[in-house]
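Asks: Pasting in a structure now, in structure tokens, and then I'll have a few things to ask.
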Amino acid sequence: MNRELLTIIGTAHVSEESVNEVKDAIYEQHPDIVAIELDRGRYAKIKNKMMGIEEDDEISVTRIIKENKVGLFLVNTLLGYFQSKIGDEVNVDPGSEMIGAIEACEDLNIPIALIDREINITLQRALNKMGFMEKAKFAYGLLLSIFGLDDDEDDIDIEELKKSETIDDMMEIFKDEAPSVYEVLVHERDAYLAGRIMQIPHEKVIAVVGAGHRPGIEKYLDNPETLPDLRDLEVINEKKGIPWLKILIAMIPILFVVIFFLAFFNGINITGNIYEFIVISMLMGFIGSILSGSKIQSAIVGGVVAPLTIIHPLLAAGWFSGLTEAKFRKVRNSDIKNLTKIESLRDLWNNNIFRILLVVIGTNLGVSLATLVILPSKVFIPLFMKIFGGWKIFYI
């Protein structure tokens, strides 16, 4: 790649002007190759769309829950939701500038280079870097935007968003609000995109990237010695540091088991306490699921597995009730697309994605209430007091 012959076009992914800018540049310059901000998966989807190939509309929520990728699916869905929503408002499909680039390249028989990192790697790295408070803050902001509760009611000016000073302001806000997400979605991808461009062997190159990435890419291209090893950016690292919250959560069921064993070895009859534990756990799992709008079968499953999931810290009752609910509510790509058309709670209630996730959350909340409040007060604290003679002390 010859730096002097490189043209970087910063686009808005939902801008008609960006589509024209990209196509005009390719037709006028006739480059040796066009690099586009896509990975293989997203490129394949765009090509299928261009050729009118219908993709399987059904989404395997069962597989998503089993593989513990609910968070990844949610983030991916929400990002797609926001792009589609903006696209609807400006009457441009998300990714239209990439389609324009592909069409121009096919017309002129110009090869295409896919330079973006695989989307699931990017999102998983972002989730792994985020702490609990940052995730909570980020989720809160997303919910405000989804339900239109934020205060920004100005009309969207896509072309204004592409200006360098506007981009700088937006990036600074993004960096302050969600530093870990910014690091992965922006800073890391700037480096990755720049590195992939530098690997292109052709002389004359046009690179089509999001406007927010252009300054970072140019910085790396001008200072290639600062570029990290791209292989390091493709590794999904586990979270660093001590997961205190997970340790605390894991200690609760261990404490329950210890109290049962201590009571048993001290000759205390624990049969009634075990029955109470099972009944309360099952009841709260069932109630949490049914109140979240689940099918009766899902609520029964959530209730039945609740005692086991309380004792086993790596399991959650909501997974089981959610998997059962997914058998009755088939999630399709249309459910994701319809998220942009939600205007009322009724619309949200009729969306299968929302309903299944609500069942997962509702069941887990019910079981969590049992674990943290009801079971300690009704079962384990009285049992603990019996073990250590607490009742005698209490009555003296």
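Chain identifiers are assigned as A, B, and so on, following the order in which chains appear in the structure tokens; residues are numbered from 1 within each chain, and ligands are numbered from 1 in order of appearance.
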For A:Leu315, work out the shell of residues within 10 Å, counting only C-alpha atoms and skipping chain neighbours fewer than 6 positions away, then give it as a compact mmCIF listing (two decimals) with N, CA and C atoms, in the first residue's frame.
Replies:
```txt
# COMPACT_ATOMS: atom_id res chain seq x y z
N VAL A 305 -36.52 -26.38 38.79
CA VAL A 305 -35.05 -26.34 38.84
C VAL A 305 -34.52 -25.34 39.86
N ALA A 306 -35.39 -24.49 40.40
CA ALA A 306 -34.93 -23.42 41.30
C ALA A 306 -34.10 -23.92 42.49
N LEU A 308 -32.19 -26.52 42.79
CA LEU A 308 -30.89 -26.96 42.30
C LEU A 308 -30.00 -25.77 41.91
N THR A 309 -30.60 -24.78 41.24
CA THR A 309 -29.80 -23.64 40.79
C THR A 309 -29.34 -22.76 41.95
```
Asks: Please measure the separation of atom CA of A:Thr122 and atom CA of A:His187, giving the value in Å to one decimal.
Replies: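 About the pair atom CA of A:Thr122 and atom CA of A:His187: they are 11.3 Å apart.
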Asks: Enter the distance from atom CA of A:Gly272 to atom CA of A:Leu383, in Å, rounded to one decimal.
Replies: 10.7 Å
Asks: With distances taken over only C-alpha atoms, which of A:Leu230, A:Ile280, A:Leu114, A:Ala191 is nearest to A:Ser377?
Replies: A:Ile280
Asks: What lies within 10 Å of stretch 362-365 of chain A using only C-alpha atoms, ignoring chain neighbours under 5 positions off, as a count of residues only?
Replies: 28
Asks: Excluding A:Lys23 and any residue of its chain fewer than 2 positions from it, enumerate the residues within 9 Å of it, using only C-alpha atoms, and give them as an MDAnalysis selection string.
Replies: chainID A and resid 18:21 25:28 97 100:105
Asks: Any chance you could list, as a PyMOL selection string, the residues in stretch 242-317 of chain A that come up alpha helix (DSSP H) when DSSP is run on the backbone?
Replies: chain A and resi 244-265+271-291+296-311+317
Asks: Extract, using only C-alpha atoms, all DNA, RNA and protein residues at most 10 Å from A:Arg355, discarding same-chain residues fewer than 3 positions from it, and format them as a PyMOL selection string.
Replies: chain A and resi 292-294+322+325-326+329+331+348-352+358-361
Asks: Go ahead and save the picked residues with N, CA and C atoms, as a PDB file, in the first residue's frame.
Replies:
```pdb
ATOM      1  N   SER A 292     -43.673 -12.619  34.833  1.00  0.00           N
ATOM      2  CA  SER A 292     -42.989 -12.009  33.686  1.00  0.00           C
ATOM      3  C   SER A 292     -43.669 -12.375  32.375  1.00  0.00           C
ATOM      4  N   GLY A 293     -44.815 -13.074  32.483  1.00  0.00           N
ATOM      5  CA  GLY A 293     -45.621 -13.359  31.290  1.00  0.00           C
ATOM      6  C   GLY A 293     -45.282 -14.645  30.588  1.00  0.00           C
ATOM      7  N   SER A 294     -44.701 -15.611  31.299  1.00  0.00           N
ATOM      8  CA  SER A 294     -44.298 -16.857  30.648  1.00  0.00           C
ATOM      9  C   SER A 294     -45.481 -17.794  30.453  1.00  0.00           C
ATOM     10  N   GLY A 322     -36.302 -19.808  30.325  1.00  0.00           N
ATOM     11  CA  GLY A 322     -36.135 -19.127  29.040  1.00  0.00           C
ATOM     12  C   GLY A 322     -36.026 -20.105  27.884  1.00  0.00           C
ATOM     13  N   GLU A 325     -39.459 -21.368  27.253  1.00  0.00           N
ATOM     14  CA  GLU A 325     -40.258 -20.329  26.588  1.00  0.00           C
ATOM     15  C   GLU A 325     -39.892 -20.211  25.117  1.00  0.00           C
ATOM     16  N   ALA A 326     -38.598 -20.404  24.812  1.00  0.00           N
ATOM     17  CA  ALA A 326     -38.134 -20.305  23.424  1.00  0.00           C
ATOM     18  C   ALA A 326     -38.718 -21.408  22.551  1.00  0.00           C
ATOM     19  N   ARG A 329     -42.056 -19.699  21.689  1.00  0.00           N
ATOM     20  CA  ARG A 329     -41.970 -18.400  21.001  1.00  0.00           C
ATOM     21  C   ARG A 329     -40.758 -18.414  20.082  1.00  0.00           C
ATOM     22  N   VAL A 331     -38.143 -17.012  17.786  1.00  0.00           N
ATOM     23  CA  VAL A 331     -37.599 -15.687  17.512  1.00  0.00           C
ATOM     24  C   VAL A 331     -37.073 -15.639  16.085  1.00  0.00           C
ATOM     25  N   LEU A 348     -43.948  -3.711  22.568  1.00  0.00           N
ATOM     26  CA  LEU A 348     -42.817  -4.372  23.214  1.00  0.00           C
ATOM     27  C   LEU A 348     -43.242  -5.737  23.742  1.00  0.00           C
ATOM     28  N   TRP A 349     -44.432  -5.798  24.328  1.00  0.00           N
ATOM     29  CA  TRP A 349     -44.953  -7.038  24.896  1.00  0.00           C
ATOM     30  C   TRP A 349     -45.164  -8.098  23.818  1.00  0.00           C
ATOM     31  N   ASN A 350     -45.479  -7.690  22.616  1.00  0.00           N
ATOM     32  CA  ASN A 350     -45.728  -8.620  21.522  1.00  0.00           C
ATOM     33  C   ASN A 350     -44.458  -9.056  20.805  1.00  0.00           C
ATOM     34  N   ASN A 351     -43.295  -8.542  21.226  1.00  0.00           N
ATOM     35  CA  ASN A 351     -42.034  -8.908  20.598  1.00  0.00           C
ATOM     36  C   ASN A 351     -41.449 -10.137  21.296  1.00  0.00           C
ATOM     37  N   ASN A 352     -41.205 -11.191  20.536  1.00  0.00           N
ATOM     38  CA  ASN A 352     -40.761 -12.454  21.134  1.00  0.00           C
ATOM     39  C   ASN A 352     -39.395 -12.368  21.802  1.00  0.00           C
ATOM     40  N   LEU A 358     -37.477 -11.404  29.093  1.00  0.00           N
ATOM     41  CA  LEU A 358     -38.210 -11.008  30.296  1.00  0.00           C
ATOM     42  C   LEU A 358     -38.455 -12.215  31.199  1.00  0.00           C
ATOM     43  N   VAL A 359     -38.746 -13.360  30.593  1.00  0.00           N
ATOM     44  CA  VAL A 359     -38.947 -14.588  31.365  1.00  0.00           C
ATOM     45  C   VAL A 359     -37.651 -14.985  32.071  1.00  0.00           C
ATOM     46  N   VAL A 360     -36.527 -14.901  31.361  1.00  0.00           N
ATOM     47  CA  VAL A 360     -35.218 -15.215  31.965  1.00  0.00           C
ATOM     48  C   VAL A 360     -34.961 -14.315  33.168  1.00  0.00           C
ATOM     49  N   ILE A 361     -35.156 -13.013  32.956  1.00  0.00           N
ATOM     50  CA  ILE A 361     -34.886 -12.044  34.027  1.00  0.00           C
ATOM     51  C   ILE A 361     -35.874 -12.220  35.183  1.00  0.00           C
TER      52      ILE A 361
END
```
Asks: For the atom pair atom CA of A:Asp116 and atom CA of A:Arg332, what is the interatomic distance in Å to one decimal place?
Replies: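 Computed distance, atom CA of A:Asp116 to atom CA of A:Arg332, equals 26.3 Å.
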Asks: So, with only C-alpha atoms as the atoms that count, which of A:Ile8, A:Ile254, A:Ile112, A:Val235 lies closest to A:Ala211?
Replies: A:Ile8
